[in-house]
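Step one of this worksheet: look at the structure below.
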Amino acid sequence: MKPTMMTYIHEEQATLSAMLSRYPSDLPVLGGQKEWLVLATGSSINAINSAKYYVENLADVRISVEEPFHFQHYEKFSEATDLVIGVSQSGESTSTLNAIQHIRQTHPVKTVGITSKAGSELARAVDHVIDIEIGEERVGYVTKGYVATILKFMLLGVFVARRNGKIDAEQEAAELHKLDVAVKSIPDVIAGTEAFFTQWQAELAASPRFTSIGYGPSVGVIKEMETKFAETIRVPSQGIELEAFMHGPYFEVNGSHRMFFIDTPGVARERLLLLKAYEQKYTDYVYTIKLGEDNDPRTLSITADVDEFIAPLIVVIPFQILAHHIAEAKGNNLPQRIFTDFGVSVKSKTKPGDYA
């Protein structure tokens, strides 16, 4: 049988557990770099934004995350930058590759590539390659590779923090344990999402539009929801940061609007809940993905003992499953590849993807 999104979603827990067991395999020993520039597009940039705050807080570094084409042609390179990281699961994203090559030609800075293909063009263009350790994901709508990218970047943060003396051996072990707790919760997250979809399948499949709202580390999650829902369900879908939503997009909400709120502990939680209560006056279709127990039937509870910085690793999984299930409920034939010549035609990929 051909693999599907669900094939790889069900492999996530085992894959991430194996990655943890191999820590710190292939992670580079860095020289105390403090200003990191990460270049990525699509799901890769969403994954890095999901892990960014965890790494910054733990390793005491500053991370700028940029779209590579725009950065190369319009932004000014900061001379304070001492590490450049290109992230591409396929290793064939032309904008990431071109930006890395351009920087190497103009600035003497260490470069790292994070990819699932050790023989890719990105791997050959950098000083050190970090393997996200998933093998080949032969479905165009990435899931396992997405969470693996998050975890790998988080592990890089743990390793750098330990090597640079920001944490000791005991603290390093504690961080690895916290990540392990999150990974071990994945089967429960999957089961909970399956039950949630069964309950609300009809109204989710009938949705003409989806919006997800979050803040802080959850911004990477809502942007990945935007990406996955657009790819698979193929109706207008957007992920909007909480503050940005409050300054204009709220005017769009109507009775048919389906909205997801990401409820995690954090400085903006009170405002998130106020916004949620307000929007419930204008649409019945308000759902929540929450860390912790809740009696609201439209709330999907995730009871894993994780904080807001690790939460994106698992909070994104419901959106991966819902993307697949809602698409199928709408009759979208996901195994049937469409726009197969797109990447090469618009020069966003160096070669077509090898998909099942």
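Identifiers for the structure tokens are assigned positionally: chains receive A, B, ... in sequence, residues are indexed from 1 per chain, and ligands are indexed from 1 in the order shown.
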Surrounding residues of segment 31-33 of chain A excluding itself and chain neighbours under 4 positions, 7 Å, only C-alpha atoms, as a PyMOL selection string: chain A and resi 82-83+164
I'd like to know which residues of segment 76-202 of chain A are strand (DSSP E or B) (by DSSP, run on the backbone); could you write them as a PyMOL selection string? chain A and resi 83-87+93+110-115+128-131
For those residues, write N, CA, C and O atoms to a file as a PDB file, in the first residue's frame.
ATOM      1  N   LEU A  83      26.578  32.522  12.748  1.00  0.00           N
ATOM      2  CA  LEU A  83      26.171  31.178  12.339  1.00  0.00           C
ATOM      3  C   LEU A  83      24.972  31.299  11.409  1.00  0.00           C
ATOM      4  O   LEU A  83      24.009  32.000  11.725  1.00  0.00           O
ATOM      5  N   VAL A  84      25.047  30.625  10.275  1.00  0.00           N
ATOM      6  CA  VAL A  84      23.929  30.600   9.325  1.00  0.00           C
ATOM      7  C   VAL A  84      23.472  29.156   9.160  1.00  0.00           C
ATOM      8  O   VAL A  84      24.287  28.262   8.886  1.00  0.00           O
ATOM      9  N   ILE A  85      22.183  28.924   9.342  1.00  0.00           N
ATOM     10  CA  ILE A  85      21.613  27.579   9.262  1.00  0.00           C
ATOM     11  C   ILE A  85      20.560  27.563   8.150  1.00  0.00           C
ATOM     12  O   ILE A  85      19.609  28.340   8.181  1.00  0.00           O
ATOM     13  N   GLY A  86      20.741  26.690   7.189  1.00  0.00           N
ATOM     14  CA  GLY A  86      19.736  26.476   6.152  1.00  0.00           C
ATOM     15  C   GLY A  86      18.934  25.225   6.481  1.00  0.00           C
ATOM     16  O   GLY A  86      19.509  24.189   6.819  1.00  0.00           O
ATOM     17  N   VAL A  87      17.616  25.327   6.405  1.00  0.00           N
ATOM     18  CA  VAL A  87      16.753  24.197   6.755  1.00  0.00           C
ATOM     19  C   VAL A  87      15.881  23.855   5.554  1.00  0.00           C
ATOM     20  O   VAL A  87      15.130  24.694   5.059  1.00  0.00           O
ATOM     21  N   SER A  93      15.432  22.975  -1.847  1.00  0.00           N
ATOM     22  CA  SER A  93      14.758  24.272  -1.951  1.00  0.00           C
ATOM     23  C   SER A  93      15.732  25.295  -2.509  1.00  0.00           C
ATOM     24  O   SER A  93      16.735  25.641  -1.873  1.00  0.00           O
ATOM     25  N   LYS A 110      30.295  30.503   9.621  1.00  0.00           N
ATOM     26  CA  LYS A 110      30.056  29.064   9.666  1.00  0.00           C
ATOM     27  C   LYS A 110      28.638  28.772   9.188  1.00  0.00           C
ATOM     28  O   LYS A 110      27.684  29.472   9.544  1.00  0.00           O
ATOM     29  N   THR A 111      28.481  27.711   8.385  1.00  0.00           N
ATOM     30  CA  THR A 111      27.172  27.342   7.859  1.00  0.00           C
ATOM     31  C   THR A 111      26.824  25.902   8.228  1.00  0.00           C
ATOM     32  O   THR A 111      27.685  25.028   8.255  1.00  0.00           O
ATOM     33  N   VAL A 112      25.545  25.694   8.515  1.00  0.00           N
ATOM     34  CA  VAL A 112      25.020  24.379   8.870  1.00  0.00           C
ATOM     35  C   VAL A 112      23.764  24.137   8.049  1.00  0.00           C
ATOM     36  O   VAL A 112      22.981  25.065   7.802  1.00  0.00           O
ATOM     37  N   GLY A 113      23.560  22.906   7.607  1.00  0.00           N
ATOM     38  CA  GLY A 113      22.338  22.531   6.913  1.00  0.00           C
ATOM     39  C   GLY A 113      21.575  21.482   7.713  1.00  0.00           C
ATOM     40  O   GLY A 113      22.178  20.540   8.232  1.00  0.00           O
ATOM     41  N   ILE A 114      20.272  21.661   7.835  1.00  0.00           N
ATOM     42  CA  ILE A 114      19.413  20.675   8.482  1.00  0.00           C
ATOM     43  C   ILE A 114      18.504  20.098   7.405  1.00  0.00           C
ATOM     44  O   ILE A 114      17.710  20.821   6.793  1.00  0.00           O
ATOM     45  N   THR A 115      18.616  18.790   7.155  1.00  0.00           N
ATOM     46  CA  THR A 115      17.917  18.168   6.046  1.00  0.00           C
ATOM     47  C   THR A 115      17.750  16.673   6.295  1.00  0.00           C
ATOM     48  O   THR A 115      18.413  16.110   7.166  1.00  0.00           O
ATOM     49  N   HIS A 128      28.602  21.897   7.788  1.00  0.00           N
ATOM     50  CA  HIS A 128      28.202  20.731   8.581  1.00  0.00           C
ATOM     51  C   HIS A 128      26.744  20.411   8.306  1.00  0.00           C
ATOM     52  O   HIS A 128      25.910  21.314   8.243  1.00  0.00           O
ATOM     53  N   VAL A 129      26.439  19.125   8.157  1.00  0.00           N
ATOM     54  CA  VAL A 129      25.074  18.671   7.888  1.00  0.00           C
ATOM     55  C   VAL A 129      24.489  18.025   9.133  1.00  0.00           C
ATOM     56  O   VAL A 129      25.140  17.191   9.776  1.00  0.00           O
ATOM     57  N   ILE A 130      23.260  18.402   9.478  1.00  0.00           N
ATOM     58  CA  ILE A 130      22.520  17.758  10.554  1.00  0.00           C
ATOM     59  C   ILE A 130      21.372  16.983   9.920  1.00  0.00           C
ATOM     60  O   ILE A 130      20.526  17.562   9.231  1.00  0.00           O
ATOM     61  N   ASP A 131      21.359  15.686  10.136  1.00  0.00           N
ATOM     62  CA  ASP A 131      20.326  14.809   9.579  1.00  0.00           C
ATOM     63  C   ASP A 131      19.117  14.798  10.511  1.00  0.00           C
ATOM     64  O   ASP A 131      19.255  14.543  11.705  1.00  0.00           O
TER      65      ASP A 131
END
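Of the residues listed (A:Ile186, A:Ala80, A:Ile314, A:Ile100), A:Ile314 shows the shortest atom-to-atom separation from Ser218 of chain A; distances use only C-alpha atoms.
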Helix (DSSP H, G or I) per DSSP on the backbone: members of segment 223-340 of chain A, as a PyMOL selection string: chain A and resi 223-232+242-245+249-252+269-279+312-315+317-329
Any chance you could tabulate, as a tab-separated table, the residues of segment 171-266 of chain A at most 12 Å from segment 59-79 of chain A with each one's nearest atom pair and distance in Å to one decimal, using only C-alpha atoms, in chain and rising number order?
residue	atom	partner	partner_atom	distance
A:Gln171	CA	A:Ala59	CA	12.0
A:Glu172	CA	A:Ala59	CA	11.0
A:Glu175	CA	A:Ala59	CA	11.8
A:Gly220	CA	A:Val65	CA	11.3
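Here atom CA of Ser17 of chain A stands at a distance of 18.6 Å from atom CA of Val142 of chain A.
Atom CA of Arg138 of chain A lies 8.4 Å from atom CA of Thr4 of chain A.
Omitting Arg234 of chain A and its sequence neighbours fewer than 4 positions away, and counting only C-alpha atoms, the residues within 8 Å are Phe229, Ala230 and Ala327 of chain A.
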So that I have them on file, write out the residues from the current selection with N, CA and C atoms, as a short mmCIF file (atom, residue, chain, number, x, y, z; two decimals), in the first residue's frame.
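In the end it all went to selection_18.cif:
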data_model
loop_
_atom_site.label_atom_id
_atom_site.label_comp_id
_atom_site.auth_asym_id
_atom_site.auth_seq_id
_atom_site.Cartn_x
_atom_site.Cartn_y
_atom_site.Cartn_z
N PHE A 229 -3.59 22.94 5.99
CA PHE A 229 -4.99 23.02 5.59
C PHE A 229 -5.10 23.51 4.14
N ALA A 230 -4.27 24.48 3.76
CA ALA A 230 -4.31 24.97 2.38
C ALA A 230 -3.88 23.87 1.40
N ALA A 327 -9.80 16.72 4.68
CA ALA A 327 -9.62 16.62 3.23
C ALA A 327 -10.32 15.38 2.68
#
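Counting from atom CA of Ile310 of chain A, the distance to atom CA of Gly157 of chain A is 12.1 Å.
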